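Single-structure report; data block below.
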Amino acid sequence: TDTQRESEVHVSMVPQHVAVIMDGNRRYGKAKYGSVSKGHWDGSSKLVEFAKWCIAEKVSVLTVYAFSTENWNRDPAEVASLMAIFAKYSNELRVEALKRNIKMLVLSTDYDRVSAVHQKIVDGY
C-alpha cells in the first residue's frame, strides 16, 4: 500500500532527507584487515546498500559527505584508492538513478585536484 514501505515502516515515519557522513572506514579497515583501503571499500559498499534502501523507501533526498579537503593530504595511494572507489560506486548508483529518474549531484570544493577521468564522472550527473 501507499502507507507502508518495503521495510514495513509507515510512510509517515520515513524521513524525507537523510544525511550521511562517511567516517571511520579508515580506522575500521586498519583494525579489521590491517588495510586502510579495505575499510574504504567496505564502507562504500555499505553506502551503496543504504542508498538503494533509501530509493526503495522513497527517501526524497540523500546527502553524503564522503571526502573532505583534508583527505587530499593523505598518502597518494590512499587518495587514488578512494577515487577508484568513487568511480566504481558512483557509476553503479548513476545507473540506478537513471532508471528511476533520480537526480544525483556531486559537489567538490576543489575540482582542479580531481583527475580528468573523475571530473567526467562528476560532470556526468
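Following the order of the C-alpha cells, chains are lettered A, B, ..., residues in each are numbered from 1, and ligands are numbered from 1.
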Next item on the list: DSSP on the backbone, then: every residue of chain A marked strand (DSSP E or B), written as a list in words.
Entry: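 DSSP-assigned strand (DSSP E or B) residues in chain A: Gln4, His10, His17, Val18, Ala19, Val20, Ile21, Val61, Leu62, Thr63, Val64 and Tyr65 of chain A.
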Notebook entry, point to check: So, counting only C-alpha atoms, which residue among A:Glu92, A:Val11, A:Glu6, A:Lys99 is closest to Glu49 of chain A?
Noted result: A:Glu92
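Among the candidates A:Val48, A:Ala31, A:Met83, A:Val59, the one nearest to Met13 of chain A when counting only C-alpha atoms is A:Val59.
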All residues 12 Å or closer to Ser45 of chain A, only C-alpha atoms, same chain fewer than 3 positions away omitted, as an mmCIF file with C-alpha atoms, in the first residue's frame:
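The file below, part01.cif, is the result:
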```cif
data_model
loop_
_atom_site.group_PDB
_atom_site.id
_atom_site.type_symbol
_atom_site.label_atom_id
_atom_site.label_comp_id
_atom_site.auth_asym_id
_atom_site.auth_seq_id
_atom_site.Cartn_x
_atom_site.Cartn_y
_atom_site.Cartn_z
ATOM 1 C CA MET A 22 31.487 8.819 5.819
ATOM 2 C CA ASN A 25 36.267 3.471 7.469
ATOM 3 C CA LYS A 38 39.716 -2.495 2.521
ATOM 4 C CA GLY A 39 37.939 -0.376 5.126
ATOM 5 C CA HIS A 40 37.148 2.248 2.488
ATOM 6 C CA TRP A 41 35.806 -0.452 0.139
ATOM 7 C CA ASP A 42 33.602 -1.925 2.879
ATOM 8 C CA VAL A 48 25.555 1.797 -1.846
ATOM 9 C CA GLU A 49 23.335 -0.659 0.057
ATOM 10 C CA PHE A 50 21.992 2.220 2.125
ATOM 11 C CA ALA A 51 21.392 4.391 -0.956
ATOM 12 C CA LYS A 52 19.400 1.559 -2.545
ATOM 13 C CA ILE A 85 36.032 3.535 -5.170
ATOM 14 C CA PHE A 86 34.199 6.741 -6.065
ATOM 15 C CA LYS A 88 33.036 2.331 -9.293
ATOM 16 C CA TYR A 89 30.182 3.066 -6.951
ATOM 17 C CA SER A 90 29.111 6.383 -8.417
ATOM 18 C CA GLU A 92 26.614 1.910 -10.129
ATOM 19 C CA LEU A 93 24.397 4.459 -8.402
#
```
Margin query: Can you pull out the residues contacting segment 62-77 of chain A? Cut-off 8 Å, using only C-alpha atoms, and skip same-chain residues under 6 positions away; I want them as a PyMOL selection string.
Written below: chain A and resi 17-23+51+54+109-110
Check: DSSP on the backbone: what in segment 8-115 of chain A comes out alpha helix (DSSP H), as a PyMOL selection string?
Finding: chain A and resi 25-33+36-56+76-99
Item checked: Non-local contacts of Lys120 of chain A (12 Å; only C-alpha atoms; under 5 positions in same chain excluded) as a PyMOL selection string -> chain A and resi 87+90-91+106+111+114-115+125
Restricted to C-alpha atoms, what would the selected residues look like written as a short mmCIF file (atom, residue, chain, number, x, y, z; two decimals), in the first residue's frame?
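Output file selection.cif is given in full below:
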```cif
data_model
loop_
_atom_site.label_atom_id
_atom_site.label_comp_id
_atom_site.auth_asym_id
_atom_site.auth_seq_id
_atom_site.Cartn_x
_atom_site.Cartn_y
_atom_site.Cartn_z
CA ALA A 87 34.33 5.87 -9.77
CA SER A 90 29.11 6.38 -8.42
CA ASN A 91 28.65 4.67 -11.77
CA VAL A 106 28.25 15.69 -6.92
CA TYR A 111 37.69 20.34 -8.91
CA VAL A 114 40.15 15.80 -9.28
CA SER A 115 41.62 13.83 -12.19
CA TYR A 125 25.42 13.86 -13.43
#
```
Next item on the list: Identify which of the residues A:Val79, A:Ala84, A:Leu98, A:Ile55 lies closest to Arg113 of chain A, counting only C-alpha atoms when measuring atom-to-atom distances.
Entry: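 Smallest distance to Arg113 of chain A is found for A:Val79.
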